[in-house]
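Take a look at the structure set out below.
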Amino acid sequence: MCLFFGIFFDLNKCPFLFFDTISSKPMRSTGLFIILVFSGFFLFPEKNLLSQCASGSVTLNGFDSNGGQGTYEDPATGKIKIQYCIDLQKFFEVNTNWVHGIFVSWDNLPKGAMICEGPTGSQPAQHGSRFWIFLDSAKARNYFLPGPGFYVDEGDGNPANNYGDNGLGTPQATFPDLLDFCFVAKFDCSVSAPTAYVPKITITGDGSTGAWENPACPGDIMRAEDGGPNGNGAVVVCGAVLPVKLLTFNGESTKQGNLIKWLAVSDRFFSHFELQGSNTNVASFKMLGTIDPLNANTGTGNEIADYSFLDTNPTLVNYYRLKMIEKDGTFEYSKIISIQQKSNTKISNRFSVFPNPASDLLIIHNETENKYGDVQLNIYDIYGKKVNTYLFTLDKPEKDLYFDVSNYAKGFYFLEISAGDNTIEKLNFIKN
């Protein structure tokens, strides 16, 4: 357990782990935590919610740092500890009412941050002889769990093969006797990137399989919505963030098109977002649309708002970025993201590349049953300069090719796979 006291941390009990937040089992976001209960059914104000099984609230209790106020104007510096808790109130599923995991998912864990156990959380389950235990990042990865946090254990130390806590009552369980589940997020600004950290906690169900995952409830994400130095549940750490205070920016391929989503804090000095896209390379962005800020006229700059844009005409690979324009004409670009289309045809998508963006290991998967024999993989930077060449033998269908990109510079790269004089496939990837 990592204690709250003091500025420096017990590295023996809670060593710092620095890694990229790529999960082998990512949880799916459900948007803002808004739940209405009526006659035993859950109503979903947001149409894109996938599930909403849990009821509770996240509280940001405070933070310690070597310096700084944790505001956008004066970020916290040095070694930082952010303390927050969630109270589990109810859990409901159609097939079962057993909750299994209360954790910080990998995609909500900034690079260089570490999650430790707070003063409460490891405790007997509300119902039965099971026990809630805390697993740090290393143990969570070892058991292929979706993030560090609290999981229900039956005594073998591996929550991945145990049932959960079914509380009191069915099909809607309550947990009146459980203590709050508390976390400590730690940052070391010598390695952590600047970010406006908003505590987010995922609660997921058990299902009938005795595993932590359940398709009926893939995970409800709840976040701190107020409190902290900015009054909006965010603590700015390790340096200034973008002028418009962009918190997240990502996208996904859907049946309707590419859905681009971002989370931002607006203020009265901000004018609008301009979403730009490219289907060729990063040097040819075009404007796809303008998006006005939400809650921008209050003057406080404390309102976190969700934004989305649907690109209904995507190609196989698309790149997106936000141009964030202030009222005085100054602007800032977001990071660039890429979205690769999911294809049901073998012909149009012979190979796929993942993870994308990549940090160390890049995998190219042969989507077909073809045996191409000897193939050559050429990698080019955005200026068309050849960076590297790899030779492989594809003597088996649906074979994966692996290569190390950890020493590559951050940026965009093009892949060309050829057999003899014939080009088989052209792909793209981003190096983080």
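Letters for chains follow the order of the structure tokens (A, B, ...), residue numbers begin at 1 for each chain, and ligand numbers begin at 1 in the order shown.
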
### Query
segment 131-148 of chain A: which residues within 6 Å, counting only C-alpha atoms, same-chain residues fewer than 2 positions away excluded, as a PyMOL selection string?
chain A and resi 25+103-106+122-125+150-153

Can you list, as a compact mmCIF listing (two decimals) with all heavy atoms, in the first residue's frame, every protein, DNA or RNA residue that comes within 9 Å of Asn356 of chain A when you count only C-alpha atoms, leaving out same-chain residues fewer than 5 positions away?
# COMPACT_ATOMS: atom_id res chain seq x y z
N ILE A 337 -4.42 11.54 -34.88
CA ILE A 337 -4.83 10.16 -34.68
C ILE A 337 -5.13 9.53 -36.03
O ILE A 337 -5.41 10.23 -37.01
CB ILE A 337 -6.07 10.04 -33.76
CG1 ILE A 337 -7.27 10.74 -34.39
CG2 ILE A 337 -5.77 10.61 -32.39
CD1 ILE A 337 -8.57 10.51 -33.64
N SER A 338 -5.06 8.22 -36.10
CA SER A 338 -5.41 7.50 -37.33
C SER A 338 -6.48 6.48 -37.02
O SER A 338 -6.54 5.92 -35.92
CB SER A 338 -4.18 6.81 -37.93
OG SER A 338 -3.76 5.73 -37.12
N ILE A 339 -7.35 6.24 -38.00
CA ILE A 339 -8.39 5.22 -37.88
C ILE A 339 -8.34 4.36 -39.12
O ILE A 339 -8.39 4.87 -40.25
CB ILE A 339 -9.80 5.84 -37.74
CG1 ILE A 339 -9.87 6.74 -36.50
CG2 ILE A 339 -10.86 4.76 -37.66
CD1 ILE A 339 -11.20 7.45 -36.33
N GLN A 340 -8.21 3.06 -38.92
CA GLN A 340 -8.19 2.12 -40.02
C GLN A 340 -9.53 1.41 -40.09
O GLN A 340 -10.04 0.92 -39.09
CB GLN A 340 -7.06 1.10 -39.84
CG GLN A 340 -6.92 0.13 -41.01
CD GLN A 340 -5.62 -0.66 -40.94
OE1 GLN A 340 -4.64 -0.18 -40.38
NE2 GLN A 340 -5.61 -1.84 -41.51
N LEU A 362 5.41 -3.62 -33.37
CA LEU A 362 4.38 -3.47 -34.39
C LEU A 362 4.10 -4.83 -35.00
O LEU A 362 5.03 -5.58 -35.30
CB LEU A 362 4.82 -2.48 -35.47
CG LEU A 362 3.73 -2.06 -36.46
CD1 LEU A 362 2.70 -1.18 -35.79
CD2 LEU A 362 4.35 -1.32 -37.64
N ASN A 428 -0.33 2.19 -43.17
CA ASN A 428 0.24 3.33 -42.45
C ASN A 428 0.24 3.03 -40.97
O ASN A 428 -0.60 2.27 -40.47
CB ASN A 428 -0.60 4.59 -42.69
CG ASN A 428 -0.83 4.88 -44.14
OD1 ASN A 428 -0.08 5.60 -44.77
ND2 ASN A 428 -1.89 4.31 -44.71
N PHE A 429 1.16 3.64 -40.25
CA PHE A 429 1.12 3.54 -38.79
C PHE A 429 1.75 4.78 -38.18
O PHE A 429 2.50 5.51 -38.84
CB PHE A 429 1.80 2.27 -38.27
CG PHE A 429 3.31 2.29 -38.28
CD1 PHE A 429 4.02 2.66 -37.14
CD2 PHE A 429 4.01 1.93 -39.42
CE1 PHE A 429 5.40 2.67 -37.16
CE2 PHE A 429 5.39 1.93 -39.44
CZ PHE A 429 6.10 2.32 -38.30
N ILE A 430 1.45 5.01 -36.92
CA ILE A 430 1.97 6.13 -36.17
C ILE A 430 2.88 5.59 -35.08
O ILE A 430 2.53 4.64 -34.40
CB ILE A 430 0.85 6.97 -35.53
CG1 ILE A 430 -0.11 7.49 -36.60
CG2 ILE A 430 1.44 8.12 -34.71
CD1 ILE A 430 -1.32 8.19 -36.02
N LYS A 431 4.05 6.20 -34.94
CA LYS A 431 4.97 5.83 -33.86
C LYS A 431 4.78 6.85 -32.73
O LYS A 431 4.97 8.04 -32.92
CB LYS A 431 6.41 5.83 -34.35
CG LYS A 431 7.47 5.72 -33.24
CD LYS A 431 7.35 4.46 -32.41
CE LYS A 431 8.55 4.27 -31.48
NZ LYS A 431 8.67 5.33 -30.49
N ASN A 432 4.42 6.37 -31.56
CA ASN A 432 4.26 7.25 -30.39
C ASN A 432 5.62 7.60 -29.80
O ASN A 432 6.53 6.77 -29.80
CB ASN A 432 3.41 6.56 -29.33
CG ASN A 432 1.94 6.89 -29.52
OD1 ASN A 432 1.58 7.79 -30.26
ND2 ASN A 432 1.08 6.13 -28.86

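Going from atom CA of Phe331 of chain A to atom CA of Thr71 of chain A covers 20.8 Å.
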
### Task
Tell me, as a VMD selection string, which residues lie within 8 Å of Phe175 of chain A, counting only C-alpha atoms; anything in the same chain fewer than 3 positions away does not count.
chain A and resid 88 to 90 126 167 to 168 178

Neighbours of Ile291 of chain A within 8 Å (only C-alpha atoms; same-chain residues fewer than 5 positions away dropped), as a short mmCIF file (atom, residue, chain, number, x, y, z; two decimals) with all heavy atoms, in the first residue's frame?
data_model
loop_
_atom_site.label_atom_id
_atom_site.label_comp_id
_atom_site.auth_asym_id
_atom_site.auth_seq_id
_atom_site.Cartn_x
_atom_site.Cartn_y
_atom_site.Cartn_z
N HIS A 272 -13.57 28.30 -31.55
CA HIS A 272 -14.18 27.09 -32.08
C HIS A 272 -13.13 26.03 -32.41
O HIS A 272 -11.94 26.33 -32.48
CB HIS A 272 -14.99 27.39 -33.35
CG HIS A 272 -14.17 27.92 -34.50
ND1 HIS A 272 -13.80 29.24 -34.60
CD2 HIS A 272 -13.63 27.29 -35.58
CE1 HIS A 272 -13.08 29.41 -35.70
NE2 HIS A 272 -12.96 28.24 -36.31
N PHE A 273 -13.60 24.80 -32.60
CA PHE A 273 -12.77 23.71 -33.08
C PHE A 273 -12.91 23.61 -34.60
O PHE A 273 -14.00 23.83 -35.14
CB PHE A 273 -13.21 22.37 -32.48
CG PHE A 273 -13.09 22.28 -30.99
CD1 PHE A 273 -14.18 22.54 -30.19
CD2 PHE A 273 -11.90 21.91 -30.40
CE1 PHE A 273 -14.09 22.43 -28.81
CE2 PHE A 273 -11.79 21.80 -29.02
CZ PHE A 273 -12.89 22.07 -28.24
N GLU A 274 -11.84 23.24 -35.24
CA GLU A 274 -11.88 22.89 -36.65
C GLU A 274 -11.32 21.48 -36.79
O GLU A 274 -10.14 21.25 -36.52
CB GLU A 274 -11.06 23.87 -37.48
CG GLU A 274 -11.08 23.59 -38.97
CD GLU A 274 -10.25 24.60 -39.75
OE1 GLU A 274 -10.62 25.80 -39.74
OE2 GLU A 274 -9.22 24.19 -40.33
N LEU A 275 -12.18 20.54 -37.17
CA LEU A 275 -11.71 19.17 -37.36
C LEU A 275 -11.16 19.02 -38.77
O LEU A 275 -11.84 19.35 -39.75
CB LEU A 275 -12.84 18.17 -37.13
CG LEU A 275 -12.44 16.71 -37.27
CD1 LEU A 275 -11.46 16.31 -36.16
CD2 LEU A 275 -13.65 15.80 -37.26
#

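Within the 12 Å cut-off around Leu401 of chain A, using only C-alpha atoms and omitting residues fewer than 2 positions from it on the same chain, the listed residues are Phe351, Ser352, Val353, Phe354, Leu361, Leu362, Ile363, Ile364, His365, Asn366, Glu367, Val375, Gln376, Leu377, Tyr390, Leu391, Phe392, Thr393, Leu394, Asp395, Lys396, Pro397, Glu398, Lys399, Phe403, Asp404 and Ile417 of chain A.
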
Could you write out that same residue set with N, CA and C atoms as a compact mmCIF listing (two decimals), in the first residue's frame?
# COMPACT_ATOMS: atom_id res chain seq x y z
N PHE A 351 -3.87 -7.17 -45.40
CA PHE A 351 -3.08 -7.13 -44.18
C PHE A 351 -3.67 -6.06 -43.26
N SER A 352 -3.44 -6.22 -41.97
CA SER A 352 -3.79 -5.20 -40.99
C SER A 352 -2.59 -4.97 -40.09
N VAL A 353 -2.51 -3.76 -39.52
CA VAL A 353 -1.39 -3.40 -38.66
C VAL A 353 -1.92 -2.96 -37.31
N PHE A 354 -1.30 -3.42 -36.25
CA PHE A 354 -1.71 -3.06 -34.88
C PHE A 354 -0.55 -3.31 -33.93
N LEU A 361 6.49 -2.62 -30.21
CA LEU A 361 6.31 -3.74 -31.12
C LEU A 361 5.16 -3.47 -32.07
N LEU A 362 5.41 -3.62 -33.37
CA LEU A 362 4.38 -3.47 -34.39
C LEU A 362 4.10 -4.83 -35.00
N ILE A 363 2.83 -5.15 -35.17
CA ILE A 363 2.43 -6.45 -35.69
C ILE A 363 1.66 -6.24 -36.99
N ILE A 364 2.04 -6.99 -38.02
CA ILE A 364 1.32 -6.99 -39.29
C ILE A 364 0.69 -8.36 -39.45
N HIS A 365 -0.62 -8.38 -39.61
CA HIS A 365 -1.35 -9.65 -39.68
C HIS A 365 -1.82 -9.91 -41.10
N ASN A 366 -1.53 -11.08 -41.60
CA ASN A 366 -2.03 -11.53 -42.90
C ASN A 366 -3.49 -11.93 -42.74
N GLU A 367 -4.40 -11.13 -43.30
CA GLU A 367 -5.82 -11.38 -43.12
C GLU A 367 -6.35 -12.49 -44.02
N VAL A 375 8.43 -12.15 -49.05
CA VAL A 375 7.91 -10.80 -49.24
C VAL A 375 8.90 -9.79 -48.67
N GLN A 376 8.80 -8.58 -49.16
CA GLN A 376 9.65 -7.48 -48.70
C GLN A 376 8.78 -6.38 -48.13
N LEU A 377 9.16 -5.90 -46.97
CA LEU A 377 8.43 -4.82 -46.31
C LEU A 377 9.32 -3.59 -46.27
N TYR A 390 12.61 -4.88 -44.50
CA TYR A 390 12.58 -6.17 -43.83
C TYR A 390 12.19 -7.24 -44.84
N LEU A 391 12.77 -8.43 -44.69
CA LEU A 391 12.45 -9.56 -45.53
C LEU A 391 11.78 -10.64 -44.68
N PHE A 392 10.65 -11.16 -45.18
CA PHE A 392 9.90 -12.18 -44.46
C PHE A 392 9.51 -13.30 -45.41
N THR A 393 9.14 -14.42 -44.84
CA THR A 393 8.58 -15.52 -45.60
C THR A 393 7.19 -15.81 -45.07
N LEU A 394 6.19 -15.59 -45.91
CA LEU A 394 4.80 -15.86 -45.54
C LEU A 394 4.42 -17.22 -46.12
N ASP A 395 4.81 -18.28 -45.40
CA ASP A 395 4.56 -19.63 -45.86
C ASP A 395 3.35 -20.26 -45.20
N LYS A 396 2.67 -19.47 -44.32
CA LYS A 396 1.48 -19.96 -43.64
C LYS A 396 0.37 -18.93 -43.76
N PRO A 397 -0.88 -19.36 -43.92
CA PRO A 397 -1.99 -18.40 -43.96
C PRO A 397 -2.20 -17.75 -42.61
N GLU A 398 -2.70 -16.51 -42.65
CA GLU A 398 -3.04 -15.75 -41.44
C GLU A 398 -1.87 -15.69 -40.47
N LYS A 399 -0.69 -15.42 -40.99
CA LYS A 399 0.52 -15.35 -40.18
C LYS A 399 0.78 -13.92 -39.74
N PHE A 403 7.89 -6.68 -35.78
CA PHE A 403 9.17 -5.99 -35.83
C PHE A 403 9.18 -4.82 -34.85
N ASP A 404 10.38 -4.49 -34.42
CA ASP A 404 10.60 -3.53 -33.34
C ASP A 404 10.69 -2.12 -33.91
N ILE A 417 4.18 -3.54 -48.74
CA ILE A 417 4.49 -4.96 -48.77
C ILE A 417 4.46 -5.43 -50.21

### Query
Which residue, A:Ser271, A:Pro355, A:Glu425, A:Leu310, has the smallest gap to Gly289 of chain A when you use only C-alpha atoms?
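The shortest atom-to-atom distance to Gly289 of chain A comes from A:Leu310.
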
### Which residue of A:Glu369, A:Asp311, A:Asp74, A:Asp87 approaches Asp180 of chain A most closely, using only C-alpha atoms
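Once distances to Asp180 of chain A are computed over only C-alpha atoms, the minimum belongs to A:Asp87.
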
## Note on the structure
Closest of A:Tyr307, A:Phe92, A:Tyr72, A:Tyr163 to Asn232 of chain A, counting only C-alpha atoms, is A:Tyr72

#### Entry: Distance in Å - atom CA of Gly70 of chain A versus atom CA of Tyr84 of chain A
14.9 Å

Near Leu427 of chain A, counting only C-alpha atoms, which residues have an atom at most 7 Å away, once you skip same-chain residues fewer than 3 positions from it, shown as an mmCIF file with N, CA, C and O atoms, in the first residue's frame?
data_model
loop_
_atom_site.group_PDB
_atom_site.id
_atom_site.type_symbol
_atom_site.label_atom_id
_atom_site.label_comp_id
_atom_site.auth_asym_id
_atom_site.auth_seq_id
_atom_site.Cartn_x
_atom_site.Cartn_y
_atom_site.Cartn_z
ATOM 1 N N PHE A 414 4.798 4.999 -43.619
ATOM 2 C CA PHE A 414 4.057 4.248 -44.617
ATOM 3 C C PHE A 414 4.723 2.888 -44.806
ATOM 4 O O PHE A 414 5.953 2.792 -44.851
ATOM 5 N N LEU A 415 3.907 1.848 -44.924
ATOM 6 C CA LEU A 415 4.392 0.493 -45.129
ATOM 7 C C LEU A 415 4.013 0.032 -46.532
ATOM 8 O O LEU A 415 2.881 0.254 -46.976
ATOM 9 N N GLU A 416 4.934 -0.610 -47.196
ATOM 10 C CA GLU A 416 4.667 -1.179 -48.516
ATOM 11 C C GLU A 416 5.122 -2.626 -48.515
ATOM 12 O O GLU A 416 6.305 -2.917 -48.283
#

### Message
So that I can check the secondary structure, give me every residue of segment 109-274 of chain A assigned strand (DSSP E) by backbone DSSP, as a PyMOL selection string.
### Response
chain A and resi 114-117+123-124+131-135+149-153+172-174+181-188+195-197+200-205+220-223+235-237+246-254+257-265+270-274

### Query
Can you tell me, as a ChimeraX atom specification, what residues are no more than 10 Å from Met287 of chain A when counting only C-alpha atoms, ignoring any on the same chain fewer than 5 positions away?
/A:274-278,320-323

### Query
Taking into account only C-alpha atoms, which residue in the set A:Ser192, A:Gln341, A:Asn162, A:Thr248 is nearest to Ala305 of chain A?
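Under the stated criterion, the closest residue is A:Thr248.
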
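Atom pair atom CA of Val405 of chain A / atom CA of Asn388 of chain A has a distance of 10.4 Å (rounded to one decimal).
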